[in-house]
Protein chains: 2
Amino acid sequence: MAQTPKVAVVGLGSMGLGAALSLLRAGVEVVGCDVSLESRSRFESGGGKAVSSLAEAAHGAGAVVVMVVNAAQTEEVLFGADGAQGVLKRDAVVISSATMSPDDARRLAGKAEQAGWHYLDAPVSGGSVKAAAGEITVMASGSDAAFAVARPVLDAISVTVYELGDEAGIGASYKIVNQLLAGVHIAAACEAITFAKKLGLDLEKVYEVITASAGNSWMFENRVPHILEGDYRPRSAVDIFTKDLGIIASIGHKEKFPMPVATTALQLSLATAAAGMGRDDDASVARLIAQVTGLDLPSKNM
Amino acid sequence: MAQTPKVAVVGLGSMGLGAALSLLRAGVEVVGCDVSLESRSRFESGGGKAVSSLAEAAHGAGAVVVMVVNAAQTEEVLFGADGAQGVLKRDAVVISSATMSPDDARRLAGKAEQAGWHYLDAPVSGGSVKAAAGEITVMASGSDAAFAVARPVLDAISVTVYELGDEAGIGASYKIVNQLLAGVHIAAACEAITFAKKLGLDLEKVYEVITASAGNSWMFENRVPHILEGDYRPRSAVDIFTKDLGIIASIGHKEKFPMPVATTALQLSLATAAAGMGRDDDASVARLIAQVTGLDLPSKNM
């Protein structure tokens, strides 16, 4: 491409903020958009321009990166009363990164194409630290044209782009398979670390031994330190993990595909949200188990 | 130690065979012992000496490495009618590596000490490939004297020895926490890969994407290739994973400690065994799910 067009990043949570800052570092003209003043301020204090009006963000953009929570918010961003429709120009690309069902991805892609846009089904993985470094991975599917327009944007925000197929729904499918595993592994990590406490073990040592053994997972390695530090500020919240496992459970129900392990993890996640920890870090499942079983986990001195 | 005494390795399954071969390579006098002619032959074809009589193996040994399936077999090896008692000399060390409950480890240690032996609670992790290379990890607890006598044996068979405490039961506790995670991760891997199949995804690509993403686990990375190759020869059997999750579930019941995720993984494992696949590779949980849901997984051309 001769030049990267203006990019709008909608949703300046930890993933969107990281993407917007990465684009800024790459010298791309970028406008962030979020309803939250606090989120906008974070991007502005990193040198970015942030607005609350989607029309303003989308005006003149060649790409919109949508990093909101779910399909409903994505639909609102694109087609809601104050959405992109009527503002975002033809042949712009919508890079749609919220985790959603493949059916929703296909439906939104159809509507986007009717509006004259390219649509890239492009969920991401990697967490906030990698997002800030422009090192997430993207699980993308869509037309060649969508990939072509999106390419410089993806290059700026990610370290790996998996090109998984030529239509929307495929990227979303890979992402929910990843989320099934991630969600179960978080629940298993919380169950295992509290069981270790029940057995009277030294939890720091458990972390050392398990991360070098066959019981390890990316999530165990990443989340258990939150428990060891007693720090449940949300790097990723229980509500997110509840939402993603909920999407998986509904697909399973609709398709008659039983998933006993994933749906049990969902129940633990729901119980944690029900106990008032939905907006806390997803490692809070361990706090729930500790509360129920009368165990003392480390708590942060504040 | 001036010189490493003769070592008996009891149980020449994949882990015991690897340990015995590693001792042989280290120049230690080692005798393997197994009731199975086939297992003995494997060690003999590697240059080792193997016997069926435990009395013969234990006679004159300074250490007995017990790599059998469970606590009951370990007890039989040590105290059964044809066991080590009365043959194995005083101050020899019993290196007890079967996965068992902490209570069983403490009970067997007590009996071993009454018999005049040192007892090292020393379960292992790493799988058959690492066992063959002498690169397993050992999760060990026991007295200083037990560690001192066991040290040259452990050095020959393992790459890392975690010294986890000064009494039996602690090593066993670490191991079952590891097995909780390993068991859940196997079940989750099987559930996720069959769900991916249901969604119509390219399973080789799923493996590539997930192993580079936050949904990865040691077990996903290790077991899913068996499914992709349709090869269910037992590297580790469903029955082993059923046994280990069963130990965990009984402790949970006894201690009133609920483990919804681990016990759900146990149910999947039991269902797979019930369907006739108990002695096949533990990745067979995926075959069970595929059978139930009418999916075609890869099958090996034989």
# chains A, B, ... in the order shown; residues from 1 in each chain; ligands from 1
call {"tool": "interface_residues", "arguments": {"of": "chain A", "to": "chain B", "cutoff": "7 Å", "atoms": "only C-alpha atoms", "output": "ChimeraX atom specification"}}
result
/A:125-126,173-174,177-182,184,188,191-192,196,199,206,210,213-219,257,259-261,264-265,293
call {"tool": "select_by_dssp", "arguments": {"residues": "stretch 45-285 of chain A", "states": "strand (DSSP E)", "output": "ChimeraX atom specification"}}
result
/A:49-51,63-66,93-96,118-121,124-125,136-140,158-163
call {"tool": "residues_around", "arguments": {"residues": "B:His118", "least_positions_apart": "2", "cutoff": "7 Å", "atoms": "only C-alpha atoms", "output": "ChimeraX atom specification"}}
result
/B:91-94,112-113,116,120,146
call {"tool": "residues_around", "arguments": {"residues": "stretch 64-71 of chain B", "least_positions_apart": "4", "cutoff": "6 Å", "atoms": "only C-alpha atoms", "output": "ChimeraX atom specification"}}
result
/B:7-11,16,94-100
call {"tool": "write_last_selection", "arguments": {"atoms": "N, CA and C atoms", "output": "PDB file, in the first residue's frame"}}
result
ATOM      1  N   VAL B   7      21.296 -51.364  42.708  1.00  0.00           N
ATOM      2  CA  VAL B   7      19.950 -50.797  42.732  1.00  0.00           C
ATOM      3  C   VAL B   7      18.982 -51.785  42.077  1.00  0.00           C
ATOM      4  N   ALA B   8      17.856 -52.024  42.736  1.00  0.00           N
ATOM      5  CA  ALA B   8      16.783 -52.809  42.120  1.00  0.00           C
ATOM      6  C   ALA B   8      15.702 -51.846  41.632  1.00  0.00           C
ATOM      7  N   VAL B   9      15.279 -52.006  40.380  1.00  0.00           N
ATOM      8  CA  VAL B   9      14.151 -51.225  39.858  1.00  0.00           C
ATOM      9  C   VAL B   9      12.978 -52.176  39.683  1.00  0.00           C
ATOM     10  N   VAL B  10      11.915 -51.941  40.443  1.00  0.00           N
ATOM     11  CA  VAL B  10      10.761 -52.840  40.409  1.00  0.00           C
ATOM     12  C   VAL B  10       9.640 -52.185  39.608  1.00  0.00           C
ATOM     13  N   GLY B  11       9.222 -52.874  38.568  1.00  0.00           N
ATOM     14  CA  GLY B  11       8.218 -52.319  37.646  1.00  0.00           C
ATOM     15  C   GLY B  11       8.942 -51.751  36.448  1.00  0.00           C
ATOM     16  N   GLY B  16       9.714 -47.105  34.643  1.00  0.00           N
ATOM     17  CA  GLY B  16      10.721 -47.947  35.296  1.00  0.00           C
ATOM     18  C   GLY B  16      11.819 -48.378  34.346  1.00  0.00           C
ATOM     19  N   VAL B  94      14.139 -47.124  50.142  1.00  0.00           N
ATOM     20  CA  VAL B  94      13.025 -47.398  49.237  1.00  0.00           C
ATOM     21  C   VAL B  94      12.659 -46.073  48.570  1.00  0.00           C
ATOM     22  N   ILE B  95      12.823 -46.016  47.260  1.00  0.00           N
ATOM     23  CA  ILE B  95      12.442 -44.826  46.497  1.00  0.00           C
ATOM     24  C   ILE B  95      11.093 -45.138  45.880  1.00  0.00           C
ATOM     25  N   SER B  96      10.058 -44.563  46.466  1.00  0.00           N
ATOM     26  CA  SER B  96       8.688 -44.954  46.152  1.00  0.00           C
ATOM     27  C   SER B  96       8.067 -43.951  45.181  1.00  0.00           C
ATOM     28  N   SER B  97       7.874 -44.385  43.919  1.00  0.00           N
ATOM     29  CA  SER B  97       7.519 -43.435  42.866  1.00  0.00           C
ATOM     30  C   SER B  97       6.105 -43.560  42.314  1.00  0.00           C
ATOM     31  N   ALA B  98       5.333 -44.540  42.775  1.00  0.00           N
ATOM     32  CA  ALA B  98       3.946 -44.615  42.295  1.00  0.00           C
ATOM     33  C   ALA B  98       3.161 -43.408  42.810  1.00  0.00           C
ATOM     34  N   THR B  99       2.214 -42.946  41.999  1.00  0.00           N
ATOM     35  CA  THR B  99       1.314 -41.889  42.466  1.00  0.00           C
ATOM     36  C   THR B  99       0.346 -42.497  43.473  1.00  0.00           C
ATOM     37  N   MET B 100       0.273 -41.891  44.646  1.00  0.00           N
ATOM     38  CA  MET B 100      -0.645 -42.400  45.680  1.00  0.00           C
ATOM     39  C   MET B 100      -1.079 -41.250  46.575  1.00  0.00           C
TER      40      MET B 100
END
call {"tool": "closest_residue", "arguments": {"among": "A:Gly86, A:Glu229, A:Leu24, A:Cys33", "to": "A:Ala133", "atoms": "only C-alpha atoms"}}
result
A:Leu24
call {"tool": "decode", "arguments": {"residues": "stretch 190-206 of chain B", "atoms": "all heavy atoms", "output": "compact mmCIF listing (two decimals), in the first residue's frame"}}
result
# COMPACT_ATOMS: atom_id res chain seq x y z
N CYS B 190 -9.15 -32.86 24.77
CA CYS B 190 -10.02 -33.74 23.98
C CYS B 190 -11.35 -33.07 23.66
O CYS B 190 -11.89 -33.20 22.56
CB CYS B 190 -10.22 -35.06 24.72
SG CYS B 190 -8.68 -36.01 24.83
N GLU B 191 -11.88 -32.35 24.66
CA GLU B 191 -13.13 -31.64 24.43
C GLU B 191 -12.94 -30.53 23.39
O GLU B 191 -13.77 -30.35 22.49
CB GLU B 191 -13.60 -31.05 25.78
CG GLU B 191 -15.07 -30.77 25.86
CD GLU B 191 -15.52 -30.49 27.30
OE1 GLU B 191 -15.66 -31.44 28.09
OE2 GLU B 191 -15.73 -29.31 27.63
N ALA B 192 -11.82 -29.82 23.49
CA ALA B 192 -11.57 -28.68 22.59
C ALA B 192 -11.31 -29.15 21.16
O ALA B 192 -11.80 -28.54 20.20
CB ALA B 192 -10.40 -27.85 23.10
N ILE B 193 -10.56 -30.22 21.00
CA ILE B 193 -10.20 -30.63 19.64
C ILE B 193 -11.41 -31.23 18.92
O ILE B 193 -11.58 -31.04 17.71
CB ILE B 193 -8.97 -31.58 19.66
CG1 ILE B 193 -8.21 -31.47 18.32
CG2 ILE B 193 -9.33 -33.02 19.93
CD1 ILE B 193 -7.35 -30.26 18.18
N THR B 194 -12.27 -31.91 19.67
CA THR B 194 -13.48 -32.44 19.03
C THR B 194 -14.48 -31.31 18.75
O THR B 194 -15.16 -31.31 17.72
CB THR B 194 -14.15 -33.54 19.88
OG1 THR B 194 -14.29 -33.07 21.23
CG2 THR B 194 -13.32 -34.80 19.89
N PHE B 195 -14.52 -30.33 19.63
CA PHE B 195 -15.37 -29.15 19.37
C PHE B 195 -14.87 -28.43 18.11
O PHE B 195 -15.67 -28.00 17.27
CB PHE B 195 -15.33 -28.22 20.59
CG PHE B 195 -16.21 -27.00 20.51
CD1 PHE B 195 -17.55 -27.11 20.15
CD2 PHE B 195 -15.69 -25.75 20.82
CE1 PHE B 195 -18.36 -25.97 20.09
CE2 PHE B 195 -16.51 -24.61 20.77
CZ PHE B 195 -17.83 -24.72 20.40
N ALA B 196 -13.56 -28.33 17.97
CA ALA B 196 -12.98 -27.72 16.76
C ALA B 196 -13.40 -28.49 15.53
O ALA B 196 -13.71 -27.91 14.48
CB ALA B 196 -11.46 -27.66 16.87
N LYS B 197 -13.42 -29.82 15.64
CA LYS B 197 -13.87 -30.65 14.52
C LYS B 197 -15.34 -30.37 14.21
O LYS B 197 -15.74 -30.24 13.05
CB LYS B 197 -13.67 -32.13 14.87
CG LYS B 197 -14.05 -33.10 13.78
CD LYS B 197 -13.07 -33.05 12.61
CE LYS B 197 -13.52 -33.92 11.46
NZ LYS B 197 -12.62 -33.80 10.31
N LYS B 198 -16.14 -30.29 15.26
CA LYS B 198 -17.57 -29.98 15.08
C LYS B 198 -17.76 -28.64 14.36
O LYS B 198 -18.68 -28.48 13.57
CB LYS B 198 -18.24 -29.94 16.47
CG LYS B 198 -19.72 -29.63 16.47
CD LYS B 198 -20.53 -30.81 15.98
CE LYS B 198 -22.02 -30.53 15.98
NZ LYS B 198 -22.77 -31.66 15.42
N LEU B 199 -16.85 -27.69 14.65
CA LEU B 199 -16.95 -26.36 14.02
C LEU B 199 -16.38 -26.37 12.60
O LEU B 199 -16.38 -25.34 11.92
CB LEU B 199 -16.21 -25.32 14.88
CG LEU B 199 -16.81 -25.02 16.25
CD1 LEU B 199 -15.86 -24.14 17.07
CD2 LEU B 199 -18.17 -24.35 16.14
N GLY B 200 -15.85 -27.54 12.19
CA GLY B 200 -15.36 -27.65 10.82
C GLY B 200 -13.95 -27.12 10.60
O GLY B 200 -13.56 -26.84 9.46
N LEU B 201 -13.18 -26.98 11.68
CA LEU B 201 -11.85 -26.40 11.54
C LEU B 201 -10.82 -27.44 11.10
O LEU B 201 -11.02 -28.64 11.25
CB LEU B 201 -11.42 -25.77 12.88
CG LEU B 201 -12.38 -24.72 13.44
CD1 LEU B 201 -11.80 -24.09 14.70
CD2 LEU B 201 -12.69 -23.65 12.40
N ASP B 202 -9.71 -26.94 10.58
CA ASP B 202 -8.56 -27.74 10.19
C ASP B 202 -7.76 -28.06 11.47
O ASP B 202 -7.16 -27.18 12.07
CB ASP B 202 -7.72 -26.91 9.20
CG ASP B 202 -6.38 -27.54 8.87
OD1 ASP B 202 -5.94 -28.47 9.56
OD2 ASP B 202 -5.76 -27.07 7.89
N LEU B 203 -7.78 -29.33 11.90
CA LEU B 203 -7.24 -29.65 13.23
C LEU B 203 -5.72 -29.44 13.32
O LEU B 203 -5.22 -29.10 14.40
CB LEU B 203 -7.60 -31.09 13.61
CG LEU B 203 -9.10 -31.40 13.73
CD1 LEU B 203 -9.32 -32.77 14.36
CD2 LEU B 203 -9.85 -30.33 14.51
N GLU B 204 -5.02 -29.64 12.24
CA GLU B 204 -3.56 -29.38 12.25
C GLU B 204 -3.31 -27.89 12.52
O GLU B 204 -2.40 -27.51 13.25
CB GLU B 204 -2.92 -29.76 10.92
CG GLU B 204 -3.05 -31.23 10.53
CD GLU B 204 -1.99 -32.12 11.18
OE1 GLU B 204 -1.05 -31.59 11.80
OE2 GLU B 204 -2.13 -33.37 11.08
N LYS B 205 -4.15 -27.07 11.89
CA LYS B 205 -4.02 -25.62 12.08
C LYS B 205 -4.42 -25.22 13.50
O LYS B 205 -3.80 -24.34 14.10
CB LYS B 205 -4.92 -24.92 11.04
CG LYS B 205 -4.58 -23.47 10.82
CD LYS B 205 -3.33 -23.33 9.98
CE LYS B 205 -2.84 -21.88 9.96
NZ LYS B 205 -1.54 -21.78 9.27
N VAL B 206 -5.45 -25.89 14.02
CA VAL B 206 -5.86 -25.62 15.41
C VAL B 206 -4.68 -25.89 16.34
O VAL B 206 -4.37 -25.10 17.24
CB VAL B 206 -7.07 -26.49 15.81
CG1 VAL B 206 -7.34 -26.41 17.31
CG2 VAL B 206 -8.31 -26.07 15.03
